[in-house]
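*Asks:* To start, I am sharing the structure in question, which I have written as structure tokens.
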Amino acid sequence: MMLRKVWEMVLSRSNSASPPSISESEVTRSDMGELEQLPSDILMQILRLLGPKEAAKLSVVCKALRSHVSDNRLWVHFLQTHQAEPSWDSLFFAETTLSSGYPLPPFVGYRPQLSFKHIYGQRAQVPGSIIIDGGSGYCKFGWSKYACPSGRSATFLEFGNIESPMYTRFRHFFATIYNRMQVKPNKQPVIVSIPICHYDDTESAKASRRQLKEAIYASLFDMNVPAVCAVNQATLALYAAKRTSGIAVNIGFQVTSIVPILNGKVMRKVGVEVVGLGALKLTGFLREKMQLNNLSFQSLYTVRTLKEKLCYVALDYEAEQSKDTQASFEAVGEGWFTLSKERFQTAEILFQPHLAGLQAMGLHQAIALCVEHCHSAELTGDSDWYKTIVLSGGTACLPGLAERIEKELHALLPPYMSNGIRVIPPPYGADTPWFGAKIISNLSTFPGPWCVSKKQVRQKPRLNLIW
């Protein structure tokens, strides 16, 4: 009954006068009538039940309710129930940390005072965007308003004829994505996730990154895309984990990269570590093990599926050898496969590459080296900025990997470096960078501070971007 009275008041006020015609003097507390007698918490419950649009109308037609309608707690509730994609924690992180765009402001114990009512209204008007996560094994693409990527294709680093000019390959690649999504390029902004490549801080590497950037922008703007946001995968993985600083570890298709990032910027001067060991090596190693055990299969895809479904990382490799680890999985079209020790031996080559005949650093050793470099650099007053390690890539989703890395780092590093280290598994599985881009695309300030237009690129061809 009370809810009905509130709603009748909203309708009568909104029908009798347009919002601008209501002056401060005309609206008094008596307009609330019987509502004056209700406790604040009950009024807040009523406003929640009315929903965001009707609550906003009340703030116009009834002055006495404006303080209630402007209460941040009310709009936090509306954001949690109507707009919290992919999660409320991600939304809060984004609006308090990323809303001003790149470069990120150096928040030193400071959080801006936010109006969540304003944020709700702005987020409701943000246009849908196309998100293209370039990947290193395959590309993920889809709408920013969707819950997950809607399609996959070959990555643009391997798309088309590898000998063709870079611009030609990119133009063909992006045209293919837009055709598959059945959308026109000139209708919405695009966020492109770039795989970490040209790792060094040398002039040659800088020139290669610049060439890559120019080819991406030229191909997209020649397709009349209105605005482009290009961010590297490592940074997006951190954002997906609700972090702006830390070490991003991406186990890619061919190689694994260990990338130190401070306040959203890749610290190439500190040093990006690269291990010549990726998902393809693990799949190939499992294939060899299966062949030795006379397990027949029709394709490498089947082996990759078994790796993803049955393999894991042993916390103690030697102790695992004596356990019964047998497990089975039914591959579509090929029947049942049963694996035993191969389940943990496959991932062990990340830590002991020599088991696969490879001469390379173990993953834990490369991460420890990066941690040492970050500690020695003394880049900020916060000496623990590098102690959050975020994993990404499909192979990084193997159960037990984060725990094993933590264990190995504590064994390799002195306590003053290892204490407080936290290794975070891929927050959104193999699609983690895509979700990092999704967090940006739904910001209340998007596309403004994150995207560049064709005109801006022409005026400032060397824009400071996240590369």
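Labeling convention for the structure tokens: chains A, B, ... as they appear, residues from 1 per chain, ligands from 1 in order of appearance.
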For the contact check between range 294-411 of chain A and range 260-276 of chain A, emit one row per residue of range 294-411 of chain A within 8 Å, containing the shortest atom pair and the distance in Å rounded to one decimal, counting only C-alpha atoms, chain then rising number order, as a Markdown table.

*Replies:*
| residue | atom | partner | partner_atom | distance |
| --- | --- | --- | --- | --- |
| A:Ala360 | CA | A:Val275 | CA | 6.7 |
| A:Met361 | CA | A:Val275 | CA | 6.6 |
| A:Gly362 | CA | A:Val275 | CA | 7.8 |
| A:Leu363 | CA | A:Val275 | CA | 7.2 |
| A:Ala366 | CA | A:Glu273 | CA | 6.4 |
| A:Ile367 | CA | A:Glu273 | CA | 7.7 |
| A:Cys370 | CA | A:Glu273 | CA | 6.7 |
| A:His373 | CA | A:Val270 | CA | 6.1 |
| A:Cys374 | CA | A:Val270 | CA | 6.3 |
| A:Ala377 | CA | A:Val270 | CA | 6.7 |
| A:Trp385 | CA | A:Leu262 | CA | 7.2 |
| A:Tyr386 | CA | A:Pro260 | CA | 7.1 |

*Asks:* Within 8 Å of Ile440 in chain A, counting only C-alpha atoms, which residues show up once you throw out same-chain ones fewer than 6 positions away? Write them as number ranges by chain, please.

*Replies:* A: 94, 98, 446

*Asks:* Keeping only all heavy atoms, write the selected residues as a PDB file, in the first residue's frame.

*Replies:*
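Printed below is result-v3.pdb as written:
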ATOM      1  N   ALA A  94      37.122  -0.220 -11.122  1.00  0.00           N
ATOM      2  CA  ALA A  94      37.238   0.546 -12.362  1.00  0.00           C
ATOM      3  C   ALA A  94      36.901   2.015 -12.154  1.00  0.00           C
ATOM      4  O   ALA A  94      37.638   2.908 -12.592  1.00  0.00           O
ATOM      5  CB  ALA A  94      36.318  -0.069 -13.430  1.00  0.00           C
ATOM      6  N   LEU A  98      40.282   3.661 -12.730  1.00  0.00           N
ATOM      7  CA  LEU A  98      40.530   3.749 -14.169  1.00  0.00           C
ATOM      8  C   LEU A  98      39.746   4.834 -14.877  1.00  0.00           C
ATOM      9  O   LEU A  98      39.964   5.061 -16.068  1.00  0.00           O
ATOM     10  CB  LEU A  98      40.197   2.399 -14.829  1.00  0.00           C
ATOM     11  CG  LEU A  98      40.866   1.150 -14.254  1.00  0.00           C
ATOM     12  CD1 LEU A  98      40.385  -0.091 -15.001  1.00  0.00           C
ATOM     13  CD2 LEU A  98      42.378   1.258 -14.337  1.00  0.00           C
ATOM     14  N   PHE A 446      33.818   6.142 -20.424  1.00  0.00           N
ATOM     15  CA  PHE A 446      34.209   5.596 -21.722  1.00  0.00           C
ATOM     16  C   PHE A 446      33.282   6.136 -22.821  1.00  0.00           C
ATOM     17  O   PHE A 446      32.082   6.319 -22.557  1.00  0.00           O
ATOM     18  CB  PHE A 446      34.125   4.058 -21.680  1.00  0.00           C
ATOM     19  CG  PHE A 446      34.730   3.376 -22.869  1.00  0.00           C
ATOM     20  CD1 PHE A 446      36.092   3.138 -22.933  1.00  0.00           C
ATOM     21  CD2 PHE A 446      33.948   2.996 -23.940  1.00  0.00           C
ATOM     22  CE1 PHE A 446      36.654   2.528 -24.031  1.00  0.00           C
ATOM     23  CE2 PHE A 446      34.499   2.384 -25.055  1.00  0.00           C
ATOM     24  CZ  PHE A 446      35.862   2.142 -25.097  1.00  0.00           C
TER      25      PHE A 446
END

*Asks:* From the options A:Gln326, A:Gln188, A:Ser40, A:Gln254, which residue's atoms come nearest to Tyr138 in chain A, counting only C-alpha atoms?

*Replies:* A:Gln254

*Asks:* Can you pull out every residue within 8 Å of range 128-131 of chain A, counting only C-alpha atoms, but drop anything in the same chain fewer than 2 positions away, and send it as a list of chain:residue names?

*Replies:*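 Counting only C-alpha atoms, the residues come to A:Val126, A:Asp133, A:Phe141, A:Gly142, A:Trp143, A:Ser144, A:Lys145, A:Gln188, A:Pro189, A:Val190, A:Ile191, A:Val192, A:Ser193, A:Trp434, A:Ala437, A:Lys438, A:Ser441.
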
*Asks:* Export N, CA, C and O atoms of the chosen residues as a CSV table (one decimal), in the first residue's frame?

*Replies:*
chain,number,residue,atom,x,y,z
A,126,VAL,N,26.7,4.7,-21.8
A,126,VAL,CA,27.9,4.3,-22.5
A,126,VAL,C,27.6,3.4,-23.7
A,126,VAL,O,26.8,2.4,-23.5
A,133,ASP,N,40.4,-9.3,-28.5
A,133,ASP,CA,41.6,-9.7,-27.8
A,133,ASP,C,42.4,-10.5,-28.8
A,133,ASP,O,42.1,-11.6,-29.1
A,141,PHE,N,36.7,-12.4,-29.6
A,141,PHE,CA,36.0,-11.1,-29.9
A,141,PHE,C,34.6,-11.1,-29.5
A,141,PHE,O,34.0,-12.2,-29.3
A,142,GLY,N,34.0,-10.0,-29.3
A,142,GLY,CA,32.6,-9.9,-28.9
A,142,GLY,C,32.2,-8.5,-28.5
A,142,GLY,O,33.0,-7.6,-28.4
A,143,TRP,N,30.9,-8.3,-28.1
A,143,TRP,CA,30.3,-7.1,-27.7
A,143,TRP,C,30.7,-6.8,-26.2
A,143,TRP,O,30.6,-7.8,-25.4
A,144,SER,N,30.9,-5.6,-25.9
A,144,SER,CA,31.3,-5.3,-24.5
A,144,SER,C,30.1,-5.5,-23.5
A,144,SER,O,30.2,-5.7,-22.3
A,145,LYS,N,28.9,-5.5,-24.1
A,145,LYS,CA,27.7,-5.7,-23.2
A,145,LYS,C,27.3,-7.1,-23.0
A,145,LYS,O,26.4,-7.5,-22.3
A,188,GLN,N,30.5,2.0,-33.7
A,188,GLN,CA,30.9,1.9,-32.2
A,188,GLN,C,32.4,1.9,-32.1
A,188,GLN,O,33.2,1.5,-33.0
A,189,PRO,N,32.9,2.3,-30.9
A,189,PRO,CA,34.3,2.2,-30.6
A,189,PRO,C,34.8,0.8,-30.6
A,189,PRO,O,34.0,-0.2,-30.4
A,190,VAL,N,36.1,0.6,-30.6
A,190,VAL,CA,36.7,-0.8,-30.6
A,190,VAL,C,37.9,-0.7,-29.6
A,190,VAL,O,38.6,0.2,-29.5
A,191,ILE,N,37.9,-1.8,-28.8
A,191,ILE,CA,39.1,-2.0,-27.9
A,191,ILE,C,39.9,-3.2,-28.4
A,191,ILE,O,39.3,-4.3,-28.6
A,192,VAL,N,41.2,-3.0,-28.7
A,192,VAL,CA,42.0,-4.0,-29.2
A,192,VAL,C,43.1,-4.4,-28.2
A,192,VAL,O,43.8,-3.5,-27.7
A,193,SER,N,43.1,-5.7,-27.8
A,193,SER,CA,44.1,-6.2,-26.9
A,193,SER,C,45.3,-6.7,-27.7
A,193,SER,O,45.1,-7.5,-28.6
A,434,TRP,N,40.3,-10.3,-22.3
A,434,TRP,CA,39.1,-9.8,-22.8
A,434,TRP,C,38.2,-9.2,-21.7
A,434,TRP,O,37.6,-8.1,-22.0
A,437,ALA,N,39.4,-5.8,-20.8
A,437,ALA,CA,38.9,-4.8,-21.8
A,437,ALA,C,37.5,-4.5,-21.5
A,437,ALA,O,37.0,-3.3,-21.6
A,438,LYS,N,36.7,-5.5,-21.1
A,438,LYS,CA,35.3,-5.3,-20.8
A,438,LYS,C,35.1,-4.3,-19.7
A,438,LYS,O,34.2,-3.4,-19.7
A,441,SER,N,35.6,-0.9,-21.1
A,441,SER,CA,34.5,-0.5,-22.0
A,441,SER,C,33.2,-0.1,-21.3
A,441,SER,O,32.4,0.7,-21.9

*Asks:* Please return, as a PyMOL selection string, all residues of range 161-410 of chain A that DSSP assigns to strand (DSSP E) on the basis of the backbone.

*Replies:* chain A and resi 190-194+228-232+246-251+256-262+265-266+273-275+327-331+335-339+388-392

*Asks:* Restrict the selected residues to C-alpha atoms and save them as a PDB file, in the first residue's frame.

*Replies:*
ATOM      1  CA  VAL A 190      36.691  -0.753 -30.553  1.00  0.00           C
ATOM      2  CA  ILE A 191      39.096  -2.003 -27.882  1.00  0.00           C
ATOM      3  CA  VAL A 192      42.016  -4.024 -29.205  1.00  0.00           C
ATOM      4  CA  SER A 193      44.108  -6.175 -26.885  1.00  0.00           C
ATOM      5  CA  ILE A 194      47.675  -6.494 -28.134  1.00  0.00           C
ATOM      6  CA  VAL A 228      40.130   3.040 -30.898  1.00  0.00           C
ATOM      7  CA  CYS A 229      41.536   1.927 -27.559  1.00  0.00           C
ATOM      8  CA  ALA A 230      44.623  -0.304 -27.807  1.00  0.00           C
ATOM      9  CA  VAL A 231      45.982  -1.913 -24.631  1.00  0.00           C
ATOM     10  CA  ASN A 232      48.474  -4.739 -24.169  1.00  0.00           C
ATOM     11  CA  GLY A 246      52.157  -6.157 -10.270  1.00  0.00           C
ATOM     12  CA  ILE A 247      53.732  -8.798 -12.459  1.00  0.00           C
ATOM     13  CA  ALA A 248      51.640 -10.258 -15.271  1.00  0.00           C
ATOM     14  CA  VAL A 249      52.643 -13.775 -16.330  1.00  0.00           C
ATOM     15  CA  ASN A 250      51.166 -14.819 -19.657  1.00  0.00           C
ATOM     16  CA  ILE A 251      51.668 -18.395 -20.824  1.00  0.00           C
ATOM     17  CA  THR A 256      55.764 -17.231 -21.741  1.00  0.00           C
ATOM     18  CA  SER A 257      56.212 -13.549 -20.857  1.00  0.00           C
ATOM     19  CA  ILE A 258      56.781 -12.137 -17.371  1.00  0.00           C
ATOM     20  CA  VAL A 259      55.857  -8.451 -17.443  1.00  0.00           C
ATOM     21  CA  PRO A 260      56.378  -5.953 -14.581  1.00  0.00           C
ATOM     22  CA  ILE A 261      53.688  -3.267 -14.585  1.00  0.00           C
ATOM     23  CA  LEU A 262      53.594  -0.190 -12.367  1.00  0.00           C
ATOM     24  CA  LYS A 265      52.570   1.013 -17.431  1.00  0.00           C
ATOM     25  CA  VAL A 266      54.870  -1.784 -18.609  1.00  0.00           C
ATOM     26  CA  GLU A 273      61.461 -11.815 -18.986  1.00  0.00           C
ATOM     27  CA  VAL A 274      60.669 -14.248 -21.788  1.00  0.00           C
ATOM     28  CA  VAL A 275      60.784 -18.049 -21.557  1.00  0.00           C
ATOM     29  CA  ALA A 327      41.731 -40.280 -14.430  1.00  0.00           C
ATOM     30  CA  SER A 328      39.618 -40.544 -17.587  1.00  0.00           C
ATOM     31  CA  PHE A 329      37.871 -38.185 -19.987  1.00  0.00           C
ATOM     32  CA  GLU A 330      35.589 -38.782 -22.965  1.00  0.00           C
ATOM     33  CA  ALA A 331      36.663 -36.792 -26.021  1.00  0.00           C
ATOM     34  CA  GLY A 335      35.806 -42.098 -26.940  1.00  0.00           C
ATOM     35  CA  TRP A 336      37.427 -42.424 -23.538  1.00  0.00           C
ATOM     36  CA  PHE A 337      41.056 -41.633 -22.709  1.00  0.00           C
ATOM     37  CA  THR A 338      42.760 -42.583 -19.461  1.00  0.00           C
ATOM     38  CA  LEU A 339      45.890 -40.770 -18.248  1.00  0.00           C
ATOM     39  CA  THR A 388      50.990  -9.409  -6.839  1.00  0.00           C
ATOM     40  CA  ILE A 389      51.531 -11.889  -9.664  1.00  0.00           C
ATOM     41  CA  VAL A 390      48.605 -12.392 -12.055  1.00  0.00           C
ATOM     42  CA  LEU A 391      48.515 -15.390 -14.379  1.00  0.00           C
ATOM     43  CA  SER A 392      46.835 -15.400 -17.793  1.00  0.00           C
TER      44      SER A 392
END

*Asks:* Within range 234-465 of chain A, find each residue whose DSSP state, derived from the backbone, is alpha helix (DSSP H), and express the selection as a count of residues only.

*Replies:* 90

*Asks:* May I have a table of the residues of range 75-181 of chain A lying at most 12 Å from range 42-51 of chain A, giving each one's closest pair of atoms and their distance in Å to one decimal, counting only C-alpha atoms, ordered by chain and ascending residue number, as a Markdown table?

*Replies:*
| residue | atom | partner | partner_atom | distance |
| --- | --- | --- | --- | --- |
| A:Trp75 | CA | A:Arg48 | CA | 8.9 |
| A:Val76 | CA | A:Arg48 | CA | 10.5 |
| A:His77 | CA | A:Arg48 | CA | 7.6 |
| A:Phe78 | CA | A:Gly51 | CA | 7.4 |
| A:Leu79 | CA | A:Gly51 | CA | 10.8 |
| A:Gln80 | CA | A:Arg48 | CA | 11.6 |
| A:Thr81 | CA | A:Gly51 | CA | 10.0 |
| A:His82 | CA | A:Gly51 | CA | 9.6 |

*Asks:* What does the structure give for the distance between CA of Tyr217 in chain A and CA of Glu95 in chain A, in Å to one decimal?

*Replies:*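 We find that CA of Tyr217 in chain A and CA of Glu95 in chain A lie 26.8 Å from each other.
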
*Asks:* So what do you get for CA of Arg287 in chain A versus CA of Leu300 in chain A, distance-wise?

*Replies:* 7.6 Å

*Asks:* Would you mind telling me which residue in A:Pro105, A:Pro86, A:Pro52, A:Pro447 lies nearest to Pro427 in chain A when using only C-alpha atoms?

*Replies:*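 Once distances to Pro427 in chain A are computed over only C-alpha atoms, the minimum belongs to A:Pro86.
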
*Asks:* Taking 4 positions as the minimum chain separation for residues in the same chain, which residues sit within 8 Å of range 405-417 of chain A when counting only C-alpha atoms? Answer as a CSV table (one decimal) with N, CA, C and O atoms, in the first residue's frame.

*Replies:*
chain,number,residue,atom,x,y,z
A,315,LEU,N,52.1,-30.0,-6.5
A,315,LEU,CA,52.8,-29.2,-5.6
A,315,LEU,C,54.2,-29.7,-5.2
A,315,LEU,O,55.1,-28.9,-5.1
A,364,HIS,N,59.4,-20.5,-12.6
A,364,HIS,CA,59.6,-19.9,-11.3
A,364,HIS,C,60.9,-19.1,-11.2
A,364,HIS,O,60.9,-18.1,-10.6
A,365,GLN,N,61.9,-19.6,-12.0
A,365,GLN,CA,63.2,-18.9,-12.0
A,365,GLN,C,63.1,-17.6,-12.7
A,365,GLN,O,63.6,-16.6,-12.3
A,367,ILE,N,60.3,-15.8,-13.1
A,367,ILE,CA,59.5,-14.9,-12.2
A,367,ILE,C,60.3,-14.3,-11.1
A,367,ILE,O,60.3,-13.1,-10.8
A,368,ALA,N,61.1,-15.2,-10.5
A,368,ALA,CA,62.0,-14.8,-9.4
A,368,ALA,C,63.0,-13.7,-9.8
A,368,ALA,O,63.3,-12.7,-9.1
A,371,VAL,N,61.2,-10.5,-10.1
A,371,VAL,CA,60.9,-9.9,-8.8
A,371,VAL,C,62.2,-9.2,-8.3
A,371,VAL,O,62.2,-8.1,-7.7
A,372,GLU,N,63.4,-9.9,-8.5
A,372,GLU,CA,64.6,-9.3,-8.0
A,372,GLU,C,64.9,-7.9,-8.7
A,372,GLU,O,65.3,-7.0,-8.1
A,375,HIS,N,62.6,-5.3,-7.3
A,375,HIS,CA,63.0,-4.8,-6.0
A,375,HIS,C,64.2,-3.9,-6.1
A,375,HIS,O,64.3,-2.9,-5.4
A,401,LEU,N,48.7,-24.5,-10.4
A,401,LEU,CA,49.9,-23.7,-10.9
A,401,LEU,C,50.2,-22.6,-10.0
A,401,LEU,O,51.4,-22.4,-9.6
A,421,ILE,N,54.1,-12.2,-1.2
A,421,ILE,CA,53.8,-12.5,-2.6
A,421,ILE,C,52.5,-13.3,-2.7
A,421,ILE,O,52.3,-14.2,-1.9
A,422,ARG,N,51.7,-12.9,-3.6
A,422,ARG,CA,50.5,-13.6,-3.9
A,422,ARG,C,50.3,-13.9,-5.4
A,422,ARG,O,50.5,-12.9,-6.2
A,423,VAL,N,50.1,-15.1,-5.7
A,423,VAL,CA,49.9,-15.5,-7.1
A,423,VAL,C,48.4,-15.7,-7.4
A,423,VAL,O,47.8,-16.6,-6.7

*Asks:* Nearest to Cys397 in chain A: which of A:Pro425, A:Gly420, A:Pro127, A:Gly137 is it, counting only C-alpha atoms?

*Replies:* A:Pro425

*Asks:* Within 7 Å of range 120-123 of chain A, counting only C-alpha atoms, which residues qualify if same-chain residues fewer than 4 places away don't, as a PDB file with N, CA and C atoms, in the first residue's frame?

*Replies:*
ATOM      1  N   LEU A  79      23.492  -0.340  -8.806  1.00  0.00           N
ATOM      2  CA  LEU A  79      24.620  -0.777  -9.625  1.00  0.00           C
ATOM      3  C   LEU A  79      24.864  -2.276  -9.445  1.00  0.00           C
ATOM      4  N   PHE A 116      27.632   7.813  -6.897  1.00  0.00           N
ATOM      5  CA  PHE A 116      27.234   6.605  -7.604  1.00  0.00           C
ATOM      6  C   PHE A 116      25.938   6.804  -8.388  1.00  0.00           C
ATOM      7  N   ASN A 442      33.017  -0.503 -20.089  1.00  0.00           N
ATOM      8  CA  ASN A 442      31.788  -0.150 -19.376  1.00  0.00           C
ATOM      9  C   ASN A 442      31.972   0.978 -18.366  1.00  0.00           C
ATOM     10  N   LEU A 443      33.153   1.595 -18.359  1.00  0.00           N
ATOM     11  CA  LEU A 443      33.385   2.733 -17.471  1.00  0.00           C
ATOM     12  C   LEU A 443      32.410   3.863 -17.756  1.00  0.00           C
ATOM     13  N   SER A 444      32.064   4.616 -16.720  1.00  0.00           N
ATOM     14  CA  SER A 444      31.146   5.748 -16.901  1.00  0.00           C
ATOM     15  C   SER A 444      31.747   6.831 -17.789  1.00  0.00           C
TER      16      SER A 444
END

*Asks:* Excluding same-chain residues fewer than 6 positions from Cys197 in chain A, what lies within 9 Å of it counting only C-alpha atoms, as an MDAnalysis selection string?

*Replies:* chainID A and resid 205 208:209 257
